[in-house]
>>> print(open('coords22.cif').read())   # mmCIF, C-alpha atoms
data_structure
loop_
_atom_site.label_atom_id
_atom_site.label_comp_id
_atom_site.auth_asym_id
_atom_site.auth_seq_id
_atom_site.Cartn_x
_atom_site.Cartn_y
_atom_site.Cartn_z
CA MET A 1 -60.10 -5.63 -47.95
CA SER A 2 -62.70 -8.40 -47.99
CA GLU A 3 -66.35 -7.77 -47.18
CA LYS A 4 -65.96 -9.95 -44.06
CA LYS A 5 -63.10 -7.80 -42.71
CA ARG A 6 -65.00 -4.59 -43.44
CA ARG A 7 -67.99 -5.86 -41.47
CA ALA A 8 -65.74 -6.93 -38.60
CA GLY A 9 -64.11 -3.49 -38.58
CA ALA A 10 -67.48 -1.74 -38.60
CA ALA A 11 -68.70 -3.94 -35.76
CA ALA A 12 -65.59 -3.18 -33.71
CA SER A 13 -65.98 0.53 -34.38
CA GLY A 14 -69.62 0.37 -33.37
CA ALA A 15 -68.72 -1.49 -30.18
CA ALA A 16 -66.09 1.09 -29.29
CA SER A 17 -68.55 3.89 -29.98
CA SER A 18 -71.26 2.28 -27.91
CA SER A 19 -68.80 1.64 -25.06
CA LYS A 20 -68.09 5.36 -24.85
CA LYS A 21 -71.72 6.42 -24.85
CA PRO A 22 -72.70 4.68 -21.61
CA ARG A 23 -69.81 6.39 -19.82
CA ALA A 24 -70.94 9.83 -20.97
CA SER A 25 -74.60 9.12 -20.37
CA ALA A 26 -73.78 7.49 -17.03
CA ALA A 27 -72.08 10.72 -15.87
CA ALA A 28 -75.06 12.76 -17.03
CA SER A 29 -77.49 10.34 -15.38
CA TYR A 30 -75.57 10.46 -12.12
CA ALA A 31 -75.41 14.25 -12.22
CA GLU A 32 -79.15 14.39 -12.75
CA SER A 33 -79.75 11.86 -9.97
CA LEU A 34 -78.17 14.29 -7.50
CA ARG A 35 -81.13 16.58 -8.09
CA SER A 36 -83.37 14.04 -6.36
CA LYS A 37 -81.17 14.28 -3.25
CA LEU A 38 -82.07 17.91 -2.75
CA ARG A 39 -84.33 18.59 0.19
CA PRO A 40 -86.98 21.33 0.05
CA ASP A 41 -85.57 24.85 0.01
CA ALA A 42 -87.05 25.50 3.45
CA SER A 43 -84.76 22.81 4.90
CA ILE A 44 -81.67 24.31 3.22
CA LEU A 45 -82.66 27.78 4.38
CA ALA A 46 -82.88 26.51 7.95
CA THR A 47 -79.30 25.25 7.62
CA LEU A 48 -78.20 28.64 6.28
CA ARG A 49 -79.93 30.48 9.14
CA SER A 50 -78.02 28.33 11.63
CA LEU A 51 -74.79 29.12 9.80
CA ALA A 52 -75.56 32.85 9.81
CA SER A 53 -76.40 32.77 13.52
CA ALA A 54 -73.17 30.93 14.35
CA SER A 55 -71.18 33.39 12.22
CA ALA A 56 -72.73 36.39 13.99
CA SER A 57 -71.90 34.92 17.41
CA ALA A 58 -68.34 34.10 16.35
CA SER A 59 -67.87 37.59 14.85
CA SER A 60 -69.00 39.23 18.10
CA SER A 61 -66.58 37.11 20.14
CA LYS A 62 -63.70 37.84 17.78
CA SER A 63 -64.53 41.54 17.78
CA LYS A 64 -64.32 41.70 21.59
CA ALA A 65 -61.06 39.76 21.59
CA ALA A 66 -59.63 42.06 18.88
CA GLU A 67 -60.61 45.17 20.85
CA LYS A 68 -58.90 43.80 23.97
CA SER A 69 -55.79 42.88 21.97
CA LEU A 70 -55.70 46.32 20.38
CA ALA A 71 -56.07 47.99 23.76
CA ASP A 72 -53.18 45.92 25.12
CA HIS A 73 -50.92 46.47 22.15
CA ASP A 74 -51.51 48.66 19.08
CA PRO A 75 -48.76 48.03 16.48
CA SER A 76 -49.71 51.15 14.50
CA ALA A 77 -49.04 53.34 17.53
CA ASP A 78 -46.00 51.48 18.84
CA PRO A 79 -42.77 52.13 16.92
CA THR A 80 -41.14 49.18 18.71
CA SER A 81 -43.66 46.70 17.28
CA SER A 82 -42.11 44.03 15.06
CA TYR A 83 -44.50 44.67 12.17
CA ILE A 84 -46.19 47.62 10.47
CA VAL A 85 -49.92 48.26 10.61
CA VAL A 86 -51.32 51.27 8.75
CA ALA A 87 -54.68 52.83 9.56
CA ASP A 88 -57.34 54.99 7.91
CA GLN A 89 -56.63 58.66 8.57
CA ASP A 90 -58.50 61.85 7.76
CA THR A 91 -57.22 64.42 5.28
CA THR A 92 -55.91 66.78 7.99
CA SER A 93 -53.80 64.05 9.63
CA VAL A 94 -52.25 62.85 6.36
CA THR A 95 -51.55 66.42 5.19
CA SER A 96 -49.87 67.24 8.53
CA ARG A 97 -47.65 64.16 8.25
CA ILE A 98 -46.56 65.15 4.75
CA ASN A 99 -45.83 68.69 5.95
CA ARG A 100 -43.66 67.39 8.79
CA LEU A 101 -41.80 65.06 6.43
CA VAL A 102 -41.10 67.91 3.98
CA LEU A 103 -39.96 70.24 6.79
CA ASP A 104 -37.53 67.59 8.06
CA THR A 105 -36.22 67.21 4.51
CA ALA A 106 -35.78 70.98 4.13
CA ARG A 107 -33.86 71.20 7.43
CA SER A 108 -31.61 68.36 6.33
CA ILE A 109 -30.82 70.14 3.04
CA LEU A 110 -30.17 73.50 4.78
CA SER A 111 -27.79 71.84 7.24
CA GLY A 112 -25.72 70.53 4.32
CA ARG A 113 -26.64 66.86 4.84
CA GLY A 114 -28.77 66.62 1.70
CA PHE A 115 -31.95 64.60 2.01
CA SER A 116 -32.86 60.96 2.30
CA PHE A 117 -36.17 59.17 2.80
CA ALA A 118 -36.45 56.35 5.34
CA VAL A 119 -38.68 53.87 3.52
CA PRO A 120 -40.07 50.63 5.02
CA SER A 121 -38.55 47.67 3.19
CA ARG A 122 -41.20 45.82 1.18
CA THR A 123 -38.95 43.04 -0.13
CA ALA A 124 -40.32 39.48 -0.19
CA SER A 125 -38.03 38.43 2.66
CA ASN A 126 -39.51 41.16 4.85
CA GLN A 127 -43.09 39.89 4.44
CA VAL A 128 -44.12 36.99 6.65
CA TYR A 129 -47.24 35.07 7.65
CA LEU A 130 -48.16 35.30 11.34
CA PRO A 131 -50.35 32.36 12.45
CA ASP A 132 -51.69 34.28 15.46
CA LEU A 133 -53.06 36.99 13.16
CA ASP A 134 -53.76 34.58 10.27
CA ARG A 135 -52.45 37.07 7.71
CA ILE A 136 -49.30 38.26 5.98
CA VAL A 137 -47.60 41.27 7.60
CA LEU A 138 -44.74 43.62 6.77
CA LEU A 139 -41.90 43.56 9.28
CA ARG A 140 -40.69 46.88 10.66
CA ARG A 141 -37.43 47.30 8.78
CA GLU A 142 -36.39 50.43 6.90
CA SER A 143 -33.98 51.21 4.10
CA ALA A 144 -32.50 54.62 3.22
CA ARG A 145 -33.35 56.29 -0.09
CA PRO A 146 -30.80 59.16 -0.38
CA PHE A 147 -30.90 61.66 -3.22
CA ALA A 148 -27.09 61.99 -3.23
CA ASN A 149 -26.62 58.41 -4.38
CA VAL A 150 -26.56 57.41 -8.04
CA ALA A 151 -28.37 54.16 -7.30
CA THR A 152 -31.31 55.79 -5.49
CA ALA A 153 -31.38 59.41 -6.78
CA ARG A 154 -34.14 58.77 -9.30
CA LYS A 155 -36.35 56.84 -6.87
CA ALA A 156 -35.87 59.56 -4.23
CA THR A 157 -37.02 62.11 -6.84
CA VAL A 158 -40.08 59.99 -7.70
CA THR A 159 -40.89 59.69 -3.99
CA ALA A 160 -40.74 63.47 -3.54
CA ARG A 161 -42.93 63.96 -6.62
CA VAL A 162 -45.57 61.48 -5.41
CA LEU A 163 -45.66 63.18 -1.99
CA SER A 164 -46.21 66.52 -3.73
CA LEU A 165 -49.03 65.17 -5.89
CA VAL A 166 -50.78 63.44 -2.98
CA HIS A 167 -50.57 66.66 -0.95
CA ALA A 168 -52.19 68.60 -3.83
CA VAL A 169 -55.00 66.01 -4.16
CA LEU A 170 -55.73 66.10 -0.44
CA ARG A 171 -55.82 69.90 -0.35
CA ARG A 172 -58.38 69.92 -3.18
CA GLY A 173 -60.49 67.32 -1.40
CA ILE A 174 -60.81 65.12 -4.50
CA HIS A 175 -60.00 61.53 -5.45
CA VAL A 176 -57.84 60.49 -8.42
CA THR A 177 -56.95 57.13 -9.93
CA LYS A 178 -53.49 55.63 -9.97
CA ARG A 179 -53.54 56.17 -13.74
CA ASP A 180 -54.25 59.88 -13.25
CA LEU A 181 -51.27 60.10 -10.93
CA PHE A 182 -48.99 58.41 -13.45
CA TYR A 183 -49.98 60.76 -16.28
CA THR A 184 -49.07 63.88 -14.30
CA ASP A 185 -45.39 63.15 -14.97
CA VAL A 186 -44.97 60.31 -17.45
CA LYS A 187 -41.35 61.15 -18.29
CA LEU A 188 -40.27 61.00 -14.65
CA PHE A 189 -42.25 57.90 -13.70
CA GLY A 190 -41.47 56.05 -16.93
CA ASP A 191 -43.85 53.21 -16.12
CA GLN A 192 -47.00 53.10 -14.01
CA ALA A 193 -45.64 50.16 -12.05
CA GLN A 194 -42.99 52.50 -10.67
CA SER A 195 -45.40 55.21 -9.56
CA ASP A 196 -47.71 52.54 -8.08
CA ALA A 197 -44.85 51.01 -6.09
CA VAL A 198 -43.75 54.39 -4.73
CA LEU A 199 -47.37 55.18 -3.82
CA ASP A 200 -47.35 52.07 -1.60
CA ASP A 201 -44.02 53.22 -0.14
CA VAL A 202 -45.59 56.57 0.72
CA SER A 203 -48.51 54.84 2.48
CA CYS A 204 -46.01 52.93 4.62
CA MET A 205 -43.96 56.05 5.34
CA LEU A 206 -47.03 58.01 6.46
CA GLY A 207 -48.60 55.08 8.32
CA CYS A 208 -51.92 55.41 6.50
CA THR A 209 -53.95 53.27 4.11
CA ARG A 210 -53.70 53.97 0.40
CA SER A 211 -57.32 55.10 0.32
CA SER A 212 -56.40 57.78 2.90
CA LEU A 213 -54.17 59.30 0.19
CA HIS A 214 -57.28 59.73 -2.01
CA VAL A 215 -55.64 57.71 -4.79
CA VAL A 216 -57.78 54.79 -5.94
CA ALA A 217 -57.77 52.09 -8.59
CA SER A 218 -60.32 52.02 -11.41
CA GLU A 219 -63.62 50.20 -10.81
CA LYS A 220 -63.32 46.44 -11.29
CA GLY A 221 -65.41 44.41 -8.84
CA VAL A 222 -69.20 44.10 -8.97
CA VAL A 223 -71.90 43.12 -6.48
CA VAL A 224 -75.50 41.92 -6.77
CA GLY A 225 -78.11 40.48 -4.43
CA ARG A 226 -79.72 41.25 -1.09
CA LEU A 227 -77.86 44.43 -0.29
CA VAL A 228 -78.79 48.09 0.01
CA PHE A 229 -76.28 50.88 0.64
CA ALA A 230 -75.68 54.55 -0.04
CA ASP A 231 -72.95 55.49 -2.51
CA ASP A 232 -71.99 59.13 -1.88
CA GLY A 233 -75.58 59.73 -0.72
CA ASP A 234 -77.29 57.85 -3.57
CA ARG A 235 -79.33 54.82 -2.44
CA ILE A 236 -78.34 51.62 -4.26
CA ASP A 237 -80.55 48.51 -4.25
CA CYS A 238 -78.41 45.61 -5.51
CA THR A 239 -81.46 43.45 -6.31
CA ARG A 240 -82.26 45.90 -9.12
CA MET A 241 -78.88 45.96 -10.82
CA GLY A 242 -79.61 43.44 -13.59
CA VAL A 243 -77.21 40.72 -14.68
CA GLY A 244 -74.15 42.98 -14.64
CA GLY A 245 -74.49 44.01 -11.00
CA LYS A 246 -73.39 47.26 -9.33
CA ALA A 247 -69.78 48.33 -9.68
CA ILE A 248 -68.03 48.36 -6.31
CA PRO A 249 -67.04 52.00 -5.59
CA PRO A 250 -63.24 52.49 -5.79
CA ASN A 251 -63.28 54.78 -2.74
CA ILE A 252 -65.07 52.76 -0.08
CA ASP A 253 -65.15 55.67 2.34
CA ARG A 254 -68.16 57.09 0.47
CA VAL A 255 -70.21 53.91 1.17
CA SER A 256 -72.64 54.16 4.08
CA GLY A 257 -75.99 52.85 5.36
CA ILE A 258 -75.32 49.18 4.60
CA GLU A 259 -78.46 47.03 5.02
CA SER A 260 -79.16 43.39 4.15
CA ASP A 261 -81.44 40.45 4.90
CA ALA A 262 -78.96 37.99 3.36
CA LEU A 263 -77.93 34.79 5.12
CA PHE A 264 -74.45 34.61 3.59
CA ILE A 265 -72.01 36.26 1.18
CA LEU A 266 -71.00 34.32 -1.93
CA LEU A 267 -67.57 35.31 -3.23
CA VAL A 268 -67.10 34.28 -6.86
CA GLU A 269 -63.79 34.18 -8.74
CA LYS A 270 -64.99 34.90 -12.27
CA ASP A 271 -67.45 37.10 -14.10
CA ALA A 272 -69.00 34.21 -16.08
CA ALA A 273 -70.17 32.39 -12.95
CA PHE A 274 -71.29 35.71 -11.44
CA MET A 275 -73.51 36.39 -14.47
CA ARG A 276 -75.05 32.91 -14.28
CA LEU A 277 -75.89 33.43 -10.60
CA ALA A 278 -77.24 36.94 -11.25
CA GLU A 279 -79.38 35.95 -14.23
CA ASP A 280 -80.87 32.99 -12.35
CA ARG A 281 -81.60 35.31 -9.38
CA PHE A 282 -79.88 32.80 -7.09
CA TYR A 283 -79.98 35.42 -4.34
CA ASN A 284 -83.80 35.31 -4.27
CA ARG A 285 -83.96 31.54 -3.78
CA PHE A 286 -81.19 31.58 -1.18
CA PRO A 287 -80.87 35.12 0.26
CA CYS A 288 -77.28 36.16 -0.27
CA ILE A 289 -74.93 38.86 -1.51
CA ILE A 290 -72.85 37.86 -4.54
CA LEU A 291 -69.66 39.67 -5.46
CA THR A 292 -66.65 39.17 -7.72
CA ALA A 293 -63.43 40.97 -8.60
CA LYS A 294 -63.43 39.25 -12.03
CA GLY A 295 -60.19 37.39 -11.36
CA GLN A 296 -57.33 38.78 -9.28
CA PRO A 297 -58.86 40.67 -6.32
CA ASP A 298 -58.42 44.44 -6.41
CA VAL A 299 -58.12 46.63 -3.31
CA ALA A 300 -61.67 48.04 -3.51
CA THR A 301 -63.29 44.58 -3.67
CA ARG A 302 -61.17 43.34 -0.76
CA LEU A 303 -62.07 46.41 1.31
CA PHE A 304 -65.75 46.08 0.40
CA LEU A 305 -65.85 42.37 1.32
CA ARG A 306 -64.23 43.04 4.69
CA ARG A 307 -66.63 45.92 5.31
CA LEU A 308 -69.64 43.68 4.61
CA LYS A 309 -68.24 40.92 6.80
CA VAL A 310 -67.54 43.27 9.73
CA GLU A 311 -70.82 45.21 9.59
CA LEU A 312 -73.24 42.43 8.65
CA LYS A 313 -71.42 39.58 10.47
CA LEU A 314 -72.36 37.12 7.72
CA PRO A 315 -70.49 33.94 6.75
CA VAL A 316 -68.50 34.17 3.51
CA LEU A 317 -68.46 31.21 1.09
CA ALA A 318 -66.10 31.12 -1.88
CA LEU A 319 -66.63 29.68 -5.36
CA VAL A 320 -63.38 29.46 -7.37
CA ASP A 321 -61.88 27.35 -10.14
CA SER A 322 -60.38 23.98 -9.24
CA ASP A 323 -56.80 24.97 -9.99
CA PRO A 324 -53.82 26.50 -8.13
CA TYR A 325 -54.76 30.01 -9.22
CA GLY A 326 -58.27 29.72 -7.80
CA LEU A 327 -56.81 28.82 -4.42
CA LYS A 328 -54.19 31.56 -4.71
CA ILE A 329 -56.92 34.14 -5.35
CA LEU A 330 -58.85 32.85 -2.34
CA SER A 331 -55.72 33.12 -0.19
CA VAL A 332 -55.32 36.80 -1.13
CA TYR A 333 -58.82 37.54 0.18
CA MET A 334 -58.12 35.58 3.36
CA CYS A 335 -54.48 36.27 4.26
CA GLY A 336 -53.53 39.22 2.06
CA SER A 337 -50.98 39.74 -0.69
CA LYS A 338 -47.28 40.30 -0.20
CA ASN A 339 -47.48 43.41 -2.35
CA MET A 340 -49.80 45.09 0.18
CA SER A 341 -48.81 43.27 3.35
CA TYR A 342 -48.48 46.61 5.17
CA ASP A 343 -52.28 47.04 4.92
CA SER A 344 -53.31 43.42 5.51
CA ALA A 345 -55.22 44.33 8.69
CA ASN A 346 -57.71 46.32 6.59
CA LEU A 347 -57.78 44.15 3.48
CA THR A 348 -58.18 40.58 4.73
CA THR A 349 -61.24 38.49 5.58
CA PRO A 350 -59.71 35.46 7.31
CA ASP A 351 -62.70 33.19 7.94
CA ILE A 352 -63.81 32.45 4.36
CA LYS A 353 -65.15 28.96 3.71
CA TRP A 354 -64.00 27.20 0.51
CA LEU A 355 -67.27 25.96 -0.99
CA GLY A 356 -66.00 24.86 -4.39
CA VAL A 357 -65.06 23.93 -7.00
CA ARG A 358 -62.61 21.69 -5.15
CA PRO A 359 -60.40 19.00 -6.75
CA SER A 360 -62.37 16.30 -4.90
CA ASP A 361 -65.56 17.59 -6.54
CA LEU A 362 -64.41 16.49 -9.99
CA ASP A 363 -64.86 12.81 -9.14
CA LYS A 364 -67.62 13.35 -6.59
CA TYR A 365 -69.82 15.00 -9.23
CA ARG A 366 -68.35 12.89 -12.05
CA VAL A 367 -67.25 15.83 -14.17
CA PRO A 368 -66.57 14.36 -17.67
CA GLU A 369 -62.94 13.89 -18.71
CA GLN A 370 -63.42 16.18 -21.71
CA CYS A 371 -64.26 19.03 -19.30
CA ARG A 372 -61.06 18.58 -17.29
CA LEU A 373 -57.81 20.19 -18.38
CA PRO A 374 -54.27 18.88 -17.89
CA MET A 375 -52.20 21.05 -15.56
CA THR A 376 -49.23 22.80 -17.14
CA ASP A 377 -45.73 22.72 -15.66
CA HIS A 378 -46.36 26.24 -14.38
CA ASP A 379 -49.64 25.15 -12.73
CA ILE A 380 -47.79 22.36 -10.94
CA LYS A 381 -45.06 24.78 -9.85
CA VAL A 382 -47.63 27.19 -8.38
CA GLY A 383 -49.42 24.32 -6.65
CA LYS A 384 -46.20 23.09 -5.02
CA GLU A 385 -45.33 26.62 -3.92
CA LEU A 386 -48.76 26.95 -2.29
CA LEU A 387 -48.18 23.72 -0.35
CA GLU A 388 -45.08 25.33 1.14
CA GLU A 389 -46.95 28.42 2.35
CA ASP A 390 -47.51 28.57 6.09
CA PHE A 391 -51.14 29.70 5.75
CA VAL A 392 -51.91 26.59 3.66
CA LYS A 393 -50.16 24.24 6.11
CA GLN A 394 -52.47 25.59 8.84
CA ASN A 395 -55.50 24.08 7.08
CA GLU A 396 -55.48 20.29 6.71
CA GLY A 397 -58.40 20.39 4.28
CA TRP A 398 -56.54 22.72 1.93
CA VAL A 399 -53.45 20.49 2.04
CA LYS A 400 -55.47 17.37 1.11
CA GLU A 401 -57.19 19.12 -1.80
CA LEU A 402 -53.91 20.57 -3.12
CA GLU A 403 -52.19 17.19 -2.86
CA MET A 404 -55.06 15.63 -4.83
CA LEU A 405 -54.76 18.38 -7.44
CA LEU A 406 -51.03 17.72 -7.87
CA ARG A 407 -51.51 13.95 -7.87
CA THR A 408 -54.21 13.89 -10.57
CA LYS A 409 -52.65 16.80 -12.50
CA GLN A 410 -56.16 17.77 -13.62
CA LYS A 411 -57.84 21.12 -13.24
CA ALA A 412 -61.30 22.43 -14.11
CA GLU A 413 -63.12 25.74 -14.26
CA ILE A 414 -66.45 26.47 -12.61
CA GLN A 415 -67.99 26.34 -16.09
CA ALA A 416 -67.15 22.61 -16.36
CA LEU A 417 -70.41 22.05 -14.45
CA SER A 418 -72.26 23.44 -17.49
CA SER A 419 -71.65 20.09 -19.19
CA PHE A 420 -74.63 18.87 -17.14
CA GLY A 421 -76.75 21.88 -18.14
CA PHE A 422 -76.22 25.61 -18.18
CA GLN A 423 -78.13 26.06 -14.92
CA TYR A 424 -76.70 23.04 -13.11
CA LEU A 425 -74.52 25.35 -11.02
CA THR A 426 -77.48 27.22 -9.55
CA GLU A 427 -80.09 24.46 -9.59
CA VAL A 428 -78.12 21.47 -8.25
CA TYR A 429 -74.43 21.99 -7.42
CA LEU A 430 -74.65 25.01 -5.09
CA PRO A 431 -77.95 24.00 -3.39
CA LEU A 432 -76.54 20.53 -2.68
CA LYS A 433 -73.29 22.00 -1.36
CA LEU A 434 -75.25 24.28 0.98
CA GLN A 435 -77.54 21.46 2.08
CA GLN A 436 -74.61 19.18 2.93
CA GLN A 437 -72.60 22.04 4.44
CA ASP A 438 -69.81 20.83 2.18
CA TRP A 439 -67.16 23.49 2.65
CA ILE A 440 -63.68 23.80 4.13
#
>>> encode(input="coords22.cif", output="C-alpha cells")
Amino acid sequence: MSEKKRRAGAAASGAASSSKKPRASAAASYAESLRSKLRPDASILATLRSLASASASASSSKSKAAEKSLADHDPSADPTSSYIVVADQDTTSVTSRINRLVLDTARSILSGRGFSFAVPSRTASNQVYLPDLDRIVLLRRESARPFANVATARKATVTARVLSLVHAVLRRGIHVTKRDLFYTDVKLFGDQAQSDAVLDDVSCMLGCTRSSLHVVASEKGVVVGRLVFADDGDRIDCTRMGVGGKAIPPNIDRVSGIESDALFILLVEKDAAFMRLAEDRFYNRFPCIILTAKGQPDVATRLFLRRLKVELKLPVLALVDSDPYGLKILSVYMCGSKNMSYDSANLTTPDIKWLGVRPSDLDKYRVPEQCRLPMTDHDIKVGKELLEEDFVKQNEGWVKELEMLLRTKQKAEIQALSSFGFQYLTEVYLPLKLQQQDWI
C-alpha cells in the first residue's frame, strides 16, 4: 500500500472516529442539560404534597364506596357469588373449618362412599380479569378430588396430609415456611411445587388467606425510608436500616403501629436500583418509603405494600425496567397473579402510577445505543401477550408504551441511566420525573 493510501485510510478512520464522539458526547451533554431544568426542591415537594393530598382524598372516597359495595354484596359470604374471595381468619375459625371438613370426610368413609375433596378449580381458564374490580379473580367452580380414583388418589392423599400439618401448626400457635412444610414428608410430596399448589388449594377450600394458615414464604422483600412500625412488638425505624434496608416480615399479621411522614411510596423492581436510592438517602431529599421484592413480587411484599397504601393513603409510584417483564411485574402488584387469583382482594394495589423507566424515556433522555439491548423472541412474545390482556387494554398509556417497545424492539434496565453518572437516577431522572408529574 502506498504512503498516500495509508494517509487517506488514516484520515477516513479518524473522521469516522470523530463522527462517533459528538454523538456520544451530545447524549451526555443533553443528559447533563436536563439538570438545569430542575426547579428548587421546595417546588417539587409542593407538587408531591398536592399528589399526596389528592391520593388521600381519593382513598377515602374509594374506601367508603368499597364498604357500601361490601355491605350490599359480600362474595366471601355468598356461596352463589360468581367468584371466590378469601378473607383473613383467626386460628379458632380456621381450625374449626378443618375439623368440620375432616368430620364430613370420616362420615363419608363410614357410610361406604369413600372420601373426596371438593376443590375450587384454579386452572387458567377459570381465572379472569374483572374491569369493575380492576383485578384478576377466581371463578366459583369446583372439581372433585376422590381418593378412590387412580388419577387423583395421590393428590387427595397430599391434600389430607397438608390439612393435617396446617391443623398441627395452628394448634401450636406457630408459623412455618413453605419449605418447612415440604420437608415434613418429602417422599409423599415429591417436589415443593406440589405441596405449594395444594397449600393454595387448601386456602381456597377453607375460604381463608394463606397467611391465616400460618404458613409463610421466606423473607425476600426489603423496605427503607420514612417509615416506623412495630414488628412483633419491636420498634423498627426504616431510616436507620442502612443500604440493605429492613427485611419485610413474612407474616404481616405481626406488623403494627405503622407511622410515616412520607409523601409517596416508591416501588422498585430490582435490588440494584433500591441500593442506589438507599445509599443516596433519596428518601430524605424527597420524603418517601422505598420498597422492593428484588424481582418477581412475593406474597409478603404485596401484602405489605397494600397495607401501607390502605393505612397511610399515600400514592404509589413504580420504577421498573423498560421491558415486558418490568411491566408484567408491575401488573402483578396492581391486578394480581393468576396463581393466587383467589386472594387478589388482599394482595393487589390497583392505583399504582408507572413512573419509569418507560420505552418512551429511552429517546426522551437520549439513552445511548450501547446501553439498550435488543429484545429476544421470547421478550417479543411476552410483550404481545401483555397487549392482549384486558387489564392492559384498559390503560391507553400502557398500550402506547408497549406498542413502542414492540416497534423499536429495544429494551433497557434502570441501570442504563448510570451511563450518565452513577447518581443520575437520584439526582436528575427521578427528581425531573416528579417535577413534571411524568407518570401513567
>>> atom_distance(input="coords22.cif", atom1="CA of Glu427 in chain A", atom2="CA of Ala262 in chain A")
18.8 Å
>>> resolve_selection(input="coords22.cif", expression="the PyMOL selection byres ((chain A and resi 303) around 10)", output="PyMOL selection string")
chain A and resi 211+248+250-253+298-302+304-309+333+346-349
>>> resolve_selection(input="coords22.cif", expression="the PyMOL selection byres ((chain A and resi 295) around 7)", output="ChimeraX atom specification")
/A:269-270,293-294,296-297
>>> closest_residue(input="coords22.cif", among="A:Ser164, A:Phe147, A:Arg35, A:Leu188", to="Leu101 in chain A", atoms="only C-alpha atoms")
A:Ser164
>>> residues_near_point(input="coords22.cif", point="(-78.8, 33.7, -9.0)", cutoff="12 Å", atoms="all atoms listed in the file", output="MDAnalysis selection string")
chainID A and resid 223:226 239 242:245 266 268 273:291 423:427 430:431
>>> atom_distance(input="coords22.cif", atom1="CA of Glu388 in chain A", atom2="CA of Arg135 in chain A")
15.3 Å
>>> residues_around(input="coords22.cif", residues="range 95-97 of chain A", least_positions_apart="4", cutoff="9 Å", atoms="all atoms listed in the file", output="ChimeraX atom specification")
/A:90-91,101-102,166-167,170-171,206
>>> closest_atom_pairs(input="coords22.cif", of="range 316-405 of chain A", to="range 49-59 of chain A", cutoff="12 Å", atoms="only C-alpha atoms", output="CSV")
residue,atom,partner,partner_atom,distance
A:Val316,CA,A:Ser55,CA,9.1
A:Leu317,CA,A:Leu51,CA,11.0
A:Thr349,CA,A:Ser59,CA,11.4
A:Pro350,CA,A:Ser59,CA,11.3
A:Asp351,CA,A:Ser55,CA,9.5
A:Ile352,CA,A:Ser55,CA,10.8
A:Lys353,CA,A:Ser55,CA,11.3
>>> resolve_selection(input="coords22.cif", expression="the PyMOL selection byres ((chain A and resi 145) around 6)", output="ChimeraX atom specification")
/A:116-117,144,146,152,156
>>> closest_residue(input="coords22.cif", among="A:Ser331, A:Ser33, A:Thr157, A:Thr292", to="Tyr429 in chain A", atoms="all atoms listed in the file")
A:Ser33
>>> atom_distance(input="coords22.cif", atom1="CA of Ser419 in chain A", atom2="CA of Val399 in chain A")
28.0 Å
>>> closest_residue(input="coords22.cif", among="A:Val332, A:Leu417, A:Ala217, A:Leu387", to="Leu362 in chain A", atoms="only C-alpha atoms")
A:Leu417
>>> residues_around(input="coords22.cif", residues="Tyr83 in chain A", least_positions_apart="5", cutoff="6 Å", atoms="all atoms listed in the file", output="PyMOL selection string")
chain A and resi 138-140
>>> residues_around(input="coords22.cif", residues="Asp104 in chain A", least_positions_apart="5", cutoff="9 Å", atoms="all atoms listed in the file", output="PyMOL selection string")
chain A and resi 99+109+115
>>> residues_near_point(input="coords22.cif", point="(-79.0, 51.6, -4.0)", cutoff="12 Å", atoms="only C-alpha atoms", output="PyMOL selection string")
chain A and resi 223-241+245-248+255-260
>>> closest_residue(input="coords22.cif", among="A:Thr159, A:Ser108, A:Thr177, A:Ser360", to="Thr408 in chain A", atoms="all atoms listed in the file")
A:Ser360
